[in-house]
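Below is the file final03.txt, which contains compact mmCIF, C-alpha atoms and all ligand atoms.
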```txt
# COMPACT_ATOMS: atom_id res chain seq x y z
CA MET A 1 31.04 -7.55 26.14
CA ARG A 2 27.73 -6.07 24.91
CA VAL A 3 27.78 -4.52 21.48
CA LEU A 4 25.15 -2.34 19.83
CA VAL A 5 24.90 -2.53 16.04
CA THR A 6 22.64 0.12 14.52
CA GLY A 7 21.42 -0.83 11.07
CA GLY A 8 21.80 -4.44 12.25
CA ALA A 9 19.10 -5.75 9.90
CA GLY A 10 20.84 -4.24 6.88
CA PHE A 11 23.32 -5.80 4.48
CA ILE A 12 26.62 -5.04 6.27
CA GLY A 13 25.04 -4.87 9.75
CA SER A 14 23.67 -8.42 9.56
CA HIS A 15 27.09 -9.83 8.60
CA LEU A 16 28.69 -7.85 11.40
CA CYS A 17 26.19 -9.21 13.97
CA GLU A 18 26.93 -12.74 12.79
CA SER A 19 30.68 -12.23 13.07
CA LEU A 20 30.40 -10.72 16.59
CA LEU A 21 28.12 -13.53 17.81
CA GLY A 22 30.62 -16.06 16.43
CA ASP A 23 33.28 -14.58 18.71
CA GLY A 24 31.22 -14.64 21.89
CA PHE A 25 29.88 -11.08 22.00
CA GLU A 26 26.40 -10.21 23.17
CA VAL A 27 24.77 -8.29 20.31
CA ILE A 28 21.87 -5.86 20.26
CA ALA A 29 20.81 -5.03 16.69
CA VAL A 30 18.69 -1.91 16.33
CA ASP A 31 16.95 -1.13 13.06
CA ASN A 32 13.89 0.77 11.84
CA LEU A 33 13.63 -1.55 8.79
CA SER A 34 13.46 1.36 6.34
CA THR A 35 15.96 -0.20 3.92
CA GLY A 36 16.79 -3.37 5.88
CA ARG A 37 14.83 -6.59 6.39
CA VAL A 38 14.21 -8.87 9.39
CA ASP A 39 14.94 -11.68 6.89
CA ASN A 40 18.61 -10.72 7.08
CA VAL A 41 18.78 -11.65 10.78
CA GLU A 42 16.03 -14.29 10.86
CA HIS A 43 18.63 -17.01 11.46
CA LEU A 44 20.01 -15.09 14.48
CA LEU A 45 16.71 -14.40 16.27
CA SER A 46 16.83 -17.55 18.40
CA HIS A 47 20.49 -17.04 19.37
CA PRO A 48 20.77 -16.60 23.16
CA ARG A 49 23.20 -13.69 22.86
CA PHE A 50 21.25 -11.83 20.15
CA GLN A 51 18.50 -9.30 20.55
CA PHE A 52 16.71 -7.42 17.78
CA VAL A 53 15.10 -4.08 18.61
CA HIS A 54 12.81 -2.36 16.10
CA HIS A 55 13.67 1.28 16.76
CA ASP A 56 14.55 4.49 14.94
CA VAL A 57 17.90 5.76 16.21
CA THR A 58 16.88 9.39 15.80
CA ASP A 59 14.79 8.66 18.93
CA GLU A 60 16.39 8.28 22.34
CA LEU A 61 17.70 4.77 23.13
CA ASP A 62 18.60 3.64 26.61
CA VAL A 63 20.83 0.58 26.79
CA GLN A 64 24.09 -0.16 28.55
CA VAL A 65 26.73 -1.30 26.06
CA ASP A 66 30.52 -1.45 25.73
CA ALA A 67 30.75 -0.66 22.03
CA ILE A 68 28.52 0.95 19.38
CA TYR A 69 28.80 0.37 15.64
CA HIS A 70 26.66 3.08 14.03
CA LEU A 71 25.74 1.68 10.60
CA ALA A 72 22.12 2.85 10.42
CA SER A 73 21.56 4.91 7.26
CA PRO A 74 20.16 4.38 3.80
CA ALA A 75 23.23 3.56 1.73
CA SER A 76 22.36 3.27 -1.95
CA PRO A 77 21.69 6.25 -4.23
CA VAL A 78 18.16 4.91 -4.80
CA GLY A 79 17.70 4.41 -1.03
CA TYR A 80 18.80 7.87 0.00
CA ARG A 81 16.84 9.59 -2.78
CA ARG A 82 13.78 7.73 -1.44
CA PHE A 83 14.53 8.86 2.14
CA PRO A 84 16.58 12.08 1.74
CA ILE A 85 15.55 13.88 4.94
CA GLU A 86 15.69 10.68 6.98
CA THR A 87 19.22 10.15 5.63
CA LEU A 88 20.31 13.59 6.81
CA LEU A 89 18.66 13.00 10.18
CA VAL A 90 20.01 9.54 10.92
CA ASN A 91 23.56 10.74 10.21
CA SER A 92 23.16 13.96 12.23
CA LEU A 93 20.54 13.62 14.98
CA GLY A 94 20.91 9.81 15.09
CA THR A 95 24.68 10.12 15.38
CA LEU A 96 24.28 12.73 18.14
CA ARG A 97 21.97 10.47 20.16
CA LEU A 98 24.35 7.52 19.82
CA LEU A 99 27.45 9.57 20.65
CA GLU A 100 25.66 10.76 23.78
CA LEU A 101 24.86 7.15 24.60
CA ALA A 102 28.55 6.25 24.12
CA ARG A 103 29.54 9.10 26.41
CA ARG A 104 27.05 8.02 29.12
CA SER A 105 28.05 4.35 28.91
CA GLY A 106 31.79 4.84 28.41
CA ALA A 107 31.43 2.83 25.17
CA ARG A 108 33.71 2.82 22.16
CA PHE A 109 32.05 4.14 19.00
CA LEU A 110 32.55 3.39 15.32
CA PHE A 111 30.92 5.67 12.75
CA ALA A 112 30.25 4.05 9.37
CA SER A 113 31.19 6.84 6.99
CA THR A 114 31.70 6.50 3.27
CA SER A 115 33.96 7.15 0.29
CA GLU A 116 31.18 9.56 -0.75
CA VAL A 117 32.74 12.14 1.60
CA TYR A 118 35.30 12.51 -1.23
CA GLY A 119 32.46 13.30 -3.69
CA ASP A 120 33.62 13.21 -7.30
CA PRO A 121 37.31 13.12 -6.32
CA LEU A 122 39.98 15.19 -8.04
CA VAL A 123 42.75 13.21 -6.32
CA HIS A 124 43.33 9.55 -7.14
CA PRO A 125 43.45 7.17 -5.34
CA GLN A 126 41.75 8.76 -2.34
CA ARG A 127 43.74 9.12 0.88
CA GLU A 128 42.17 10.07 4.19
CA ASP A 129 43.80 13.52 4.15
CA TYR A 130 41.99 14.48 0.91
CA PHE A 131 39.12 16.88 1.71
CA GLY A 132 36.96 15.87 -1.24
CA ASN A 133 34.94 17.48 -4.00
CA VAL A 134 31.30 17.36 -2.92
CA ASN A 135 28.32 19.18 -4.43
CA PRO A 136 26.60 20.44 -1.24
CA VAL A 137 23.21 20.94 -2.92
CA GLY A 138 23.07 18.11 -5.48
CA PRO A 139 20.98 14.94 -5.41
CA ARG A 140 23.69 13.00 -3.52
CA SER A 141 24.24 15.71 -0.90
CA CYS A 142 21.72 14.34 1.62
CA TYR A 143 24.04 11.35 1.94
CA ASP A 144 27.45 12.98 1.38
CA GLU A 145 26.83 15.97 3.64
CA GLY A 146 24.98 13.83 6.20
CA LYS A 147 28.05 11.62 6.51
CA ARG A 148 30.42 14.62 6.55
CA PHE A 149 28.37 16.13 9.39
CA GLY A 150 28.44 12.77 11.21
CA GLU A 151 32.24 12.69 10.91
CA ALA A 152 32.57 16.28 12.18
CA LEU A 153 30.28 15.60 15.14
CA SER A 154 32.17 12.38 15.95
CA MET A 155 35.47 14.27 15.99
CA GLU A 156 34.02 16.93 18.31
CA PHE A 157 32.99 14.20 20.76
CA VAL A 158 36.61 13.00 20.69
CA ARG A 159 38.02 16.50 21.27
CA THR A 160 35.40 17.81 23.69
CA TYR A 161 34.36 14.74 25.69
CA HIS A 162 37.20 12.28 24.96
CA VAL A 163 34.78 9.68 23.66
CA ASP A 164 36.74 6.90 21.92
CA VAL A 165 35.43 7.27 18.36
CA ARG A 166 36.80 5.69 15.19
CA ILE A 167 35.63 6.56 11.68
CA ALA A 168 35.54 4.01 8.85
CA ARG A 169 35.28 5.44 5.33
CA ILE A 170 33.74 2.47 3.60
CA PHE A 171 34.15 2.06 -0.18
CA ASN A 172 31.69 0.09 -2.36
CA THR A 173 31.01 -3.17 -0.56
CA TYR A 174 29.04 -6.10 -1.98
CA GLY A 175 27.96 -9.62 -1.16
CA PRO A 176 24.99 -11.75 -0.10
CA ARG A 177 22.01 -9.94 1.49
CA MET A 178 22.42 -6.74 -0.48
CA ASP A 179 18.86 -5.67 -1.15
CA ARG A 180 18.10 -6.67 -4.73
CA ASP A 181 15.83 -3.65 -5.18
CA ASP A 182 18.11 -0.93 -3.81
CA GLY A 183 19.46 -0.08 -7.24
CA ARG A 184 23.14 -0.65 -6.55
CA VAL A 185 25.25 -1.91 -9.39
CA MET A 186 26.02 -5.40 -8.06
CA PRO A 187 22.43 -6.58 -7.33
CA ASN A 188 21.17 -4.82 -10.49
CA PHE A 189 23.70 -6.44 -12.82
CA ILE A 190 23.48 -9.91 -11.25
CA THR A 191 19.69 -10.15 -11.01
CA ARG A 192 19.25 -8.83 -14.53
CA ALA A 193 21.77 -11.29 -15.95
CA LEU A 194 20.20 -14.19 -14.03
CA ASN A 195 16.73 -13.19 -15.28
CA GLY A 196 18.02 -12.93 -18.87
CA GLU A 197 17.26 -9.17 -18.97
CA PRO A 198 19.54 -6.50 -20.47
CA ILE A 199 22.14 -4.99 -18.12
CA GLU A 200 21.72 -1.21 -17.96
CA ILE A 201 24.87 0.89 -17.82
CA TYR A 202 24.48 4.51 -16.74
CA GLY A 203 26.76 6.68 -18.87
CA ASP A 204 29.53 5.16 -21.00
CA GLY A 205 30.55 2.59 -18.36
CA ARG A 206 34.08 3.97 -18.11
CA GLN A 207 33.47 5.29 -14.58
CA THR A 208 35.27 3.18 -11.98
CA ARG A 209 34.56 1.69 -8.57
CA SER A 210 36.58 -0.59 -6.31
CA PHE A 211 34.52 -3.45 -4.89
CA CYS A 212 35.17 -4.95 -1.48
CA TYR A 213 33.64 -8.27 -0.42
CA VAL A 214 31.56 -7.98 2.74
CA ALA A 215 33.56 -10.51 4.79
CA ASP A 216 36.72 -8.46 4.23
CA LEU A 217 34.93 -5.26 5.19
CA VAL A 218 33.50 -6.75 8.40
CA ARG A 219 36.99 -7.93 9.40
CA GLY A 220 38.26 -4.39 8.83
CA LEU A 221 35.44 -2.81 10.86
CA ARG A 222 36.11 -5.14 13.76
CA LEU A 223 39.86 -4.47 13.74
CA LEU A 224 39.20 -0.75 13.70
CA MET A 225 36.88 -1.08 16.70
CA GLU A 226 38.84 -3.64 18.68
CA ARG A 227 42.43 -2.34 18.39
CA ASP A 228 43.42 -0.11 21.34
CA GLY A 229 44.73 3.42 20.96
CA LEU A 230 42.83 4.48 17.82
CA ALA A 231 40.55 7.23 19.20
CA GLY A 232 39.97 9.88 16.54
CA GLU A 233 41.41 7.77 13.69
CA VAL A 234 39.80 7.99 10.25
CA VAL A 235 40.49 4.95 8.07
CA ASN A 236 39.56 4.02 4.50
CA LEU A 237 38.24 0.46 4.22
CA GLY A 238 37.88 -0.80 0.69
CA ASN A 239 39.47 -2.91 -1.99
CA PRO A 240 41.97 -1.04 -4.20
CA ASP A 241 41.19 -3.35 -7.14
CA GLU A 242 39.67 -0.64 -9.36
CA ARG A 243 37.37 -1.70 -12.23
CA SER A 244 35.24 0.13 -14.74
CA VAL A 245 31.48 -0.42 -14.61
CA LEU A 246 31.71 -1.89 -18.11
CA GLU A 247 34.34 -4.41 -16.95
CA LEU A 248 32.05 -5.39 -14.08
CA ALA A 249 29.14 -5.91 -16.47
CA GLU A 250 31.26 -8.22 -18.63
CA LEU A 251 32.48 -10.15 -15.57
CA VAL A 252 28.91 -10.64 -14.29
CA GLN A 253 27.76 -11.82 -17.72
CA ARG A 254 30.59 -14.35 -17.87
CA LEU A 255 30.13 -15.66 -14.31
CA CYS A 256 26.35 -15.90 -14.70
CA GLY A 257 26.84 -17.74 -17.99
CA ARG A 258 24.35 -15.37 -19.72
CA SER A 259 25.39 -13.04 -22.51
CA VAL A 260 22.50 -10.62 -22.04
CA PRO A 261 22.63 -7.32 -24.00
CA LEU A 262 24.40 -4.32 -22.46
CA VAL A 263 22.31 -1.17 -22.91
CA PHE A 264 23.53 2.35 -22.24
CA ARG A 265 21.36 4.83 -20.31
CA PRO A 266 21.98 8.49 -19.44
CA PRO A 267 24.52 8.99 -16.64
CA ARG A 268 23.31 9.64 -13.10
CA PRO A 269 23.72 13.26 -12.00
CA ASP A 270 26.92 13.85 -9.98
CA ASP A 271 27.99 10.22 -10.50
CA PRO A 272 31.66 10.07 -9.39
CA ILE A 273 33.95 9.28 -12.34
CA ARG A 274 36.68 7.42 -10.46
CA ARG A 275 36.83 5.90 -7.02
CA CYS A 276 39.62 3.86 -5.46
CA PRO A 277 40.82 3.77 -1.87
CA ASP A 278 44.38 4.29 -0.75
CA ILE A 279 44.54 1.77 2.11
CA THR A 280 48.05 2.53 3.36
CA ARG A 281 46.64 3.68 6.69
CA ALA A 282 44.49 0.57 7.18
CA ARG A 283 47.52 -1.61 6.42
CA ALA A 284 49.70 0.30 8.90
CA LEU A 285 47.22 0.72 11.78
CA LEU A 286 45.23 -2.50 11.46
CA GLY A 287 47.40 -4.84 9.39
CA TRP A 288 44.28 -5.11 7.22
CA GLU A 289 43.83 -5.61 3.53
CA PRO A 290 41.14 -7.38 1.52
CA ARG A 291 41.66 -11.06 0.77
CA VAL A 292 38.71 -12.03 -1.42
CA PRO A 293 39.35 -11.52 -5.17
CA LEU A 294 36.51 -9.91 -7.15
CA GLU A 295 35.73 -13.05 -9.18
CA GLU A 296 35.39 -15.15 -6.04
CA GLY A 297 33.18 -12.61 -4.25
CA VAL A 298 30.98 -12.13 -7.31
CA GLN A 299 30.57 -15.94 -7.64
CA GLU A 300 29.44 -16.12 -4.02
CA THR A 301 27.02 -13.23 -4.54
CA ILE A 302 25.60 -14.83 -7.70
CA ARG A 303 24.97 -18.03 -5.71
CA TYR A 304 23.00 -16.00 -3.15
CA TYR A 305 20.79 -14.25 -5.75
CA ARG A 306 20.24 -17.48 -7.68
CA HIS A 307 18.92 -19.01 -4.50
CA ARG A 308 16.73 -15.99 -3.66
CA LEU A 309 15.33 -15.68 -7.16
CA ALA A 310 14.50 -19.41 -7.14
CA GLY A 311 12.73 -18.94 -3.77
CA ILE A 312 10.72 -16.02 -5.12
CA ALA A 313 9.77 -17.94 -8.27
CA SER A 314 8.56 -20.95 -6.25
CA ALA A 315 6.61 -18.67 -3.84
CA ASP A 316 4.83 -17.14 -6.88
CA GLU A 317 3.73 -20.54 -8.23
P1 LIG B 1 21.55 -1.15 4.25
O1 LIG B 1 20.52 -0.22 3.71
O2 LIG B 1 21.45 -2.58 3.88
O3 LIG B 1 21.61 -1.06 5.83
C1 LIG B 1 21.33 0.11 6.55
C2 LIG B 1 20.37 -0.24 7.67
O4 LIG B 1 20.08 0.92 8.46
C3 LIG B 1 19.02 -0.75 7.15
O5 LIG B 1 18.71 -1.99 7.76
C4 LIG B 1 18.02 0.33 7.57
O6 LIG B 1 16.72 -0.18 7.81
C5 LIG B 1 18.70 0.90 8.80
N1 LIG B 1 18.29 2.27 9.14
C6 LIG B 1 18.24 3.35 8.32
N2 LIG B 1 17.82 4.43 9.00
C7 LIG B 1 17.63 4.03 10.29
C8 LIG B 1 17.20 4.71 11.46
N3 LIG B 1 16.89 6.01 11.47
N4 LIG B 1 17.11 4.00 12.63
C9 LIG B 1 17.41 2.67 12.65
N5 LIG B 1 17.81 1.99 11.55
C10 LIG B 1 17.93 2.67 10.39
O7 LIG B 1 22.97 -0.56 3.82
P2 LIG B 1 24.45 -1.13 4.01
O8 LIG B 1 25.05 -1.24 2.68
O9 LIG B 1 24.45 -2.30 4.90
O10 LIG B 1 25.15 0.10 4.75
C11 LIG B 1 25.42 0.11 6.13
C12 LIG B 1 26.23 1.35 6.49
O11 LIG B 1 27.49 1.34 5.80
C13 LIG B 1 25.54 2.66 6.13
O12 LIG B 1 25.79 3.60 7.16
C14 LIG B 1 26.23 3.09 4.86
O13 LIG B 1 26.22 4.49 4.71
C15 LIG B 1 27.64 2.57 5.08
N6 LIG B 1 28.32 2.33 3.79
C16 LIG B 1 27.98 1.25 3.00
C17 LIG B 1 28.62 1.08 1.78
C18 LIG B 1 28.32 -0.09 0.89
O14 LIG B 1 28.90 -0.17 -0.19
N7 LIG B 1 27.47 -1.02 1.24
C19 LIG B 1 29.59 2.00 1.36
C20 LIG B 1 29.87 3.09 2.17
C21 LIG B 1 29.25 3.23 3.39
N1 LIG B 2 25.37 1.73 -12.24
C1 LIG B 2 25.02 1.28 -13.52
N2 LIG B 2 23.91 0.52 -13.67
C2 LIG B 2 23.12 0.15 -12.62
C3 LIG B 2 23.46 0.60 -11.32
C4 LIG B 2 24.59 1.40 -11.18
O1 LIG B 2 25.72 1.59 -14.49
O2 LIG B 2 22.12 -0.59 -12.84
C5 LIG B 2 26.61 2.52 -12.06
C6 LIG B 2 26.38 3.85 -11.36
O3 LIG B 2 26.05 4.86 -12.28
C7 LIG B 2 27.75 4.07 -10.71
C8 LIG B 2 28.24 2.66 -10.38
O4 LIG B 2 27.47 1.80 -11.21
O5 LIG B 2 28.64 4.66 -11.63
C9 LIG B 2 28.05 2.29 -8.92
O6 LIG B 2 26.71 2.58 -8.55
P1 LIG B 2 26.09 2.18 -7.15
O7 LIG B 2 24.71 2.71 -7.09
O8 LIG B 2 26.29 0.75 -6.90
O9 LIG B 2 27.01 2.91 -6.06
P2 LIG B 2 27.69 4.38 -5.95
O10 LIG B 2 29.14 4.08 -5.88
O11 LIG B 2 27.33 5.23 -7.12
O12 LIG B 2 27.14 4.92 -4.66
```

Would you mind writing the file out in structure tokens?
Ligand code: NAD
Ligand code: UDP
Amino acid sequence: MRVLVTGGAGFIGSHLCESLLGDGFEVIAVDNLSTGRVDNVEHLLSHPRFQFVHHDVTDELDVQVDAIYHLASPASPVGYRRFPIETLLVNSLGTLRLLELARRSGARFLFASTSEVYGDPLVHPQREDYFGNVNPVGPRSCYDEGKRFGEALSMEFVRTYHVDVRIARIFNTYGPRMDRDDGRVMPNFITRALNGEPIEIYGDGRQTRSFCYVADLVRGLRLLMERDGLAGEVVNLGNPDERSVLELAELVQRLCGRSVPLVFRPPRPDDPIRRCPDITRARALLGWEPRVPLEEGVQETIRYYRHRLAGIASADE
């Protein structure tokens, strides 16, 4: 089985490649390295069943594969504000090119969508049949509307061409290899605490997120791809353990063993107030639910950044 992973040099993509290789798949990782790093797949480059291709998926790609995981896209608010038009294009034109490839090759297709399709949700927790509350012209819209377009296009390839597409609505995922400069809350809080710098909280910190450890997420993505009979299914993948940003800051302080100051900054525009997945559908269709408790996943992530920060410090000497 040959599998294409777009965004394979990114945070989630690199873990997915590793998991697929571990189970005997042949893996082609395609990435334009806009927000990802070759570092993330350095340890896989000599693997006989792994191939890395430096390529932008908005350009035509000709490979024969059995399955396509389309993960390529800037994913953090800082990342997509830095590349707003590219974000719209990779989720629209890029998705079109890859759906056409799936149609030509008879491959299964998984579109990595996001909880951001629910915007700043008015329904809580979010179920897949909720249509969302998205600002179509705000600073997050390049991402939210890009993903919504990608979902709509995917569904039209199911209805029109009977391509076997599955859509994963991924909620906040964290773990080793998250880019420490991409501005997301987990790398920001952990690296600041480890460096003894103040943790910055945007707004009053009462906004919530539900954090899923990357190993759990990858297991969910693979089940969604590998189970038969799921064409056209849209499934939330996330951890329903909802926490406030303030609670997360306190947890990171405690687990890092550093009581750095917490400072409050103005809220981000259009920052969703509450976010928590309803995973009833994932449980029913996939028998999936997260297994890694937040404390355990955060410990593991702290270990990773400790190691990286130590490496950077010694390289600077
Ligand atoms: P990431 O930035 O680490 O990985 C994305 C990868 O896509 C990067 O390696 C980047 O270089 C690559 N890429 C971007 N545009 C490309 C293009 N045009 N052609 C080829 N490669 C391109 O982010 P991530 O957190 O690993 O996210 C992976 C996917 O999961 C994204 O589609 C994201 O929208 C989705 N997602 C992630 C989360 C999360 O919490 N991490 C939540 C919801 C959805
Ligand atoms: N956040 C914060 N401080 C930071 C980074 C993020 O308070 O240094 C907040 C942000 O405002 C949001 C939450 O943490 O409410 C999650 O932000 P992130 O960028 O990780 O992901 P989002 O879910 O907003 O896409």

- Item | Residue neighbourhood Ile12 (chain A), 12 Å, only C-alpha atoms, exclusion window fewer than 3 positions, as number ranges by chain | A: 5-9, 15-19, 29, 35-37, 40-41, 69-75, 112, 170, 172-179, 212-221

- Exercise answer, 6 Å around ligand LIG 2 (chain B) with only C-alpha atoms and all ligand atoms, as a list in words: Ser76, Pro77, Asn172, Gly183, Arg184, Val185, Asn188, Glu200, Ile201, Tyr202, Gln207, Val245, Arg268 and Asp271 of chain A

- Message: Counting only C-alpha atoms, which residues have an atom no more than 12 Å from (32.2, 11.1, -8.7) in the file's coordinates? Please list them as an MDAnalysis selection string.
- Response: chainID A and resid 115:124 126 132:135 138 140 144 206:209 267:276

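Note that the spacing between CA of Thr280 (chain A) and CA of Arg169 (chain A) amounts to 13.2 Å.
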
- Query: Do you have the CA of Asp241 (chain A)-CA of Val78 (chain A) distance handy?
  - Reply: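 Atom-to-atom, CA of Asp241 (chain A) to CA of Val78 (chain A), that is 24.6 Å.
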
- Task: For CA of Pro136 (chain A) and atom N6 of ligand LIG 1 (chain B), quote the distance in Å rounded to one decimal.
- Result: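 Separation between CA of Pro136 (chain A) and atom N6 of ligand LIG 1 (chain B): 18.9 Å.
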